[in-house]
Structure formats: structure tokens, C-alpha cells
Amino acid sequence: MPRTMVMWAPDWPIVAAELPPSLPAAVLDKGQVLACSQAARAEGVRRGMRRRDAQSRCPDLVLHDYNADADARGFEAVLTAIESLSPGVAPLRPGLCALRVPSRFYGGEAEAAAVIAERLVGLGVWDVRIGIADGLFAAELAARRALAQDSLAIPPGGSAHFLHDLPIDALDDAMGLVGLLRRMGLQTLGDFAG
């Protein structure tokens, strides 16, 4: 069974806005912080904060309005770069894409991830994280737990074990499912699966 690789660029709107990572900066959408740089996070700025709260924590904060078109256009260059290394890249949203692990061409999963990360760093995407697992869900969560410019590979057949102890917050909460599951006393993905 082919394994899945997910490439995640945290704070993609900051990268797409071409704001340097050392600059305390935030991208706002509807008056709230959609993404912020590492320098802004060091000052206490967090995703979801209102503009006023973010500026009170970091008076030197550079603000940029969210531009979905610029996000998508900027991510096309990333997709093209990855596609040149491994065909069949599937964009999930700007800053996140999936592909089959091209391990046989590069000598292994970790080596393939390193080649992809190196190519993206060359494009100016400094924070690249890659997850590898048996399926898309586990691979995305592995990417979210990988270190910057690194990969986290879940062993074949080990996705259930990896997911078991993760908090229920790992689920997409578009429909309020996480709150319902918490009220039911379920705290981990393993609890939910049981």
C-alpha cells in the first residue's frame, strides 16, 4: 500500500505576504489574527486574537490584510517545486499538500522528505514540516508534530498507535464535534475510536 506524505508550511499567509520571519508580523482576516510570525508569537501574539489585543502585546507588530488569491498564487510555486520532485501532488489548501511518498527515488522516506524540504527552503519557505503515514489524516497530524525543516514518519501499520493518545482537539471542529465529544467525556482520539 502506498504511503502518504503531507507537507505543511505553518503560517503560510505570512510566507505568501513575503513578510520576513524575523519581523513581528500578523496577517489579519476580519479583524482577527489569521497567522503570525515566530517573532510575533514570542511577543505573545496568537492566532484568533483581535487586532487590538495583538497590538497591545506587540506594539511593533506589522499588520497585513489577508489575501486569499495571493495565498493560492504563492502556493502554486510550492506545488510546482514539489511536482518536479514527485508527480501527483494534491493541494489541500494553501500551505498544505499531500503526495505519495517518493522513497524509491531518494533512498527512503526520510531522504525524500529532506530533498523536498531543501527545495522549499530554497524557495524561501523556511518552516517546512513533513509527515509520513499510512493515510492522509495521520500524515497531516504527523506533519503538525514534526520540527521545522524536518519530517516525522509513522512506521507502517503504526497510525492507530500514533493517533491513540492525541487530544480530541486534533479533529477538525467545523461542526462543533470536539465540544460534544468533550461533554461526553472523551479526551483523546483513542477514546473516540473506542
# chains A, B, ... in the order shown; residues from 1 in each chain; ligands from 1
$ closest_atom_pairs --of "segment 121-154 of chain A" --to "segment 88-111 of chain A" --cutoff "8 Å" --atoms "only C-alpha atoms" --output "CSV"
residue,atom,partner,partner_atom,distance
A:Ile132,CA,A:Val101,CA,7.6
A:Leu136,CA,A:Ala98,CA,7.5
A:Ser151,CA,A:Ala110,CA,6.8
A:Ala153,CA,A:Ala110,CA,7.4
$ residues_around --residues "segment 41-48 of chain A" --least-positions-apart "6" --cutoff "8 Å" --atoms "only C-alpha atoms" --output "PDB file with N, CA and C atoms, in the first residue's frame"
ATOM      1  N   PRO A  24       8.195  40.893  13.590  1.00  0.00           N
ATOM      2  CA  PRO A  24       6.934  40.588  14.272  1.00  0.00           C
ATOM      3  C   PRO A  24       5.776  41.045  13.387  1.00  0.00           C
ATOM      4  N   GLN A  32      -9.224  39.683  12.980  1.00  0.00           N
ATOM      5  CA  GLN A  32      -8.573  38.714  13.852  1.00  0.00           C
ATOM      6  C   GLN A  32      -7.295  38.192  13.214  1.00  0.00           C
ATOM      7  N   VAL A  33      -6.353  37.783  14.065  1.00  0.00           N
ATOM      8  CA  VAL A  33      -5.089  37.235  13.588  1.00  0.00           C
ATOM      9  C   VAL A  33      -5.343  35.871  12.957  1.00  0.00           C
ATOM     10  N   LEU A  34      -5.055  35.772  11.667  1.00  0.00           N
ATOM     11  CA  LEU A  34      -5.171  34.505  10.952  1.00  0.00           C
ATOM     12  C   LEU A  34      -3.867  33.724  11.059  1.00  0.00           C
ATOM     13  N   ALA A  35      -2.757  34.436  10.996  1.00  0.00           N
ATOM     14  CA  ALA A  35      -1.428  33.827  11.104  1.00  0.00           C
ATOM     15  C   ALA A  35      -0.470  34.881  11.620  1.00  0.00           C
ATOM     16  N   ALA A  54      -3.673  41.961  19.863  1.00  0.00           N
ATOM     17  CA  ALA A  54      -2.364  41.624  19.295  1.00  0.00           C
ATOM     18  C   ALA A  54      -1.429  42.827  19.343  1.00  0.00           C
ATOM     19  N   ARG A  57      -0.046  43.528  22.830  1.00  0.00           N
ATOM     20  CA  ARG A  57       1.043  42.627  23.234  1.00  0.00           C
ATOM     21  C   ARG A  57       2.334  42.915  22.492  1.00  0.00           C
ATOM     22  N   CYS A  58       2.207  43.409  21.277  1.00  0.00           N
ATOM     23  CA  CYS A  58       3.386  43.673  20.444  1.00  0.00           C
ATOM     24  C   CYS A  58       3.173  44.996  19.709  1.00  0.00           C
TER      25      CYS A  58
END
$ select_by_dssp --residues "chain A" --states "alpha helix (DSSP H)" --output "VMD selection string"
chain A and resid 12 to 16 38 to 42 51 to 57 68 to 85 103 to 106 109 to 122 136 to 145 159 to 164 177 to 183 189 to 193
$ residues_around --residues "Gly190 of chain A" --least-positions-apart "2" --cutoff "9 Å" --atoms "only C-alpha atoms" --output "list of chain:residue names"
A:Ala160, A:His161, A:Leu163, A:His164, A:Asp165, A:Leu166, A:Pro167, A:Ile168, A:Leu186, A:Gln187, A:Thr188, A:Phe192, A:Ala193, A:Gly194
$ write_last_selection --atoms "N, CA, C and O atoms" --output "tab-separated table (two decimals), in the first residue's frame"
chain	number	residue	atom	x	y	z
A	160	ALA	N	-2.63	3.83	14.01
A	160	ALA	CA	-3.59	3.73	15.12
A	160	ALA	C	-2.88	3.99	16.45
A	160	ALA	O	-3.42	4.71	17.32
A	161	HIS	N	-1.71	3.44	16.62
A	161	HIS	CA	-0.95	3.66	17.86
A	161	HIS	C	-0.56	5.14	18.01
A	161	HIS	O	-0.66	5.71	19.09
A	163	LEU	N	-2.10	7.78	16.70
A	163	LEU	CA	-3.28	8.61	16.91
A	163	LEU	C	-3.94	8.39	18.27
A	163	LEU	O	-4.62	9.29	18.78
A	164	HIS	N	-3.75	7.24	18.87
A	164	HIS	CA	-4.48	6.84	20.07
A	164	HIS	C	-4.45	7.87	21.19
A	164	HIS	O	-5.48	8.18	21.79
A	165	ASP	N	-3.29	8.42	21.52
A	165	ASP	CA	-3.17	9.32	22.67
A	165	ASP	C	-3.26	10.80	22.33
A	165	ASP	O	-3.10	11.65	23.20
A	166	LEU	N	-3.48	11.12	21.05
A	166	LEU	CA	-3.60	12.54	20.67
A	166	LEU	C	-4.89	13.12	21.23
A	166	LEU	O	-5.91	12.43	21.31
A	167	PRO	N	-4.87	14.40	21.60
A	167	PRO	CA	-6.08	15.01	22.16
A	167	PRO	C	-7.19	15.10	21.12
A	167	PRO	O	-6.94	15.17	19.92
A	168	ILE	N	-8.41	15.10	21.60
A	168	ILE	CA	-9.59	15.16	20.73
A	168	ILE	C	-9.59	16.43	19.89
A	168	ILE	O	-10.21	16.49	18.82
A	186	LEU	N	-14.97	12.28	26.37
A	186	LEU	CA	-13.91	11.75	25.51
A	186	LEU	C	-12.81	12.79	25.37
A	186	LEU	O	-13.07	13.91	24.96
A	187	GLN	N	-11.59	12.43	25.71
A	187	GLN	CA	-10.48	13.38	25.72
A	187	GLN	C	-9.43	13.12	24.64
A	187	GLN	O	-8.71	14.02	24.25
A	188	THR	N	-9.34	11.88	24.16
A	188	THR	CA	-8.32	11.53	23.17
A	188	THR	C	-8.96	10.89	21.95
A	188	THR	O	-10.13	10.44	22.00
A	192	PHE	N	-12.32	8.24	21.45
A	192	PHE	CA	-13.33	8.38	20.40
A	192	PHE	C	-13.41	7.11	19.56
A	192	PHE	O	-14.50	6.63	19.22
A	193	ALA	N	-12.26	6.54	19.21
A	193	ALA	CA	-12.24	5.33	18.40
A	193	ALA	C	-12.86	4.15	19.16
A	193	ALA	O	-13.52	3.30	18.57
A	194	GLY	N	-12.67	4.14	20.48
A	194	GLY	CA	-13.21	3.06	21.31
A	194	GLY	C	-14.70	3.15	21.40
A	194	GLY	O	-15.44	2.19	21.45
$ select_by_dssp --residues "segment 5-194 of chain A" --states "strand (DSSP E)" --output "PyMOL selection string"
chain A and resi 5-8+25-29+32-36+62-65+90-93+96-100+129-133+150-153
$ residues_around --residues "segment 3-15 of chain A" --least-positions-apart "2" --cutoff "9 Å" --atoms "only C-alpha atoms" --output "count of residues only"
59
$ closest_residue --among "A:Leu63, A:Leu28, A:Ala81, A:Met184" --to "Arg50 of chain A" --atoms "only C-alpha atoms"
A:Leu28
$ atom_distance --atom1 "atom CA of Ser86 of chain A" --atom2 "atom CA of Gly158 of chain A"
24.3 Å
$ closest_residue --among "A:Ile154, A:Val115, A:Leu61, A:Ala77" --to "Ser22 of chain A" --atoms "only C-alpha atoms"
A:Leu61
$ atom_distance --atom1 "atom CA of Gly31 of chain A" --atom2 "atom CA of Asp60 of chain A"
17.3 Å
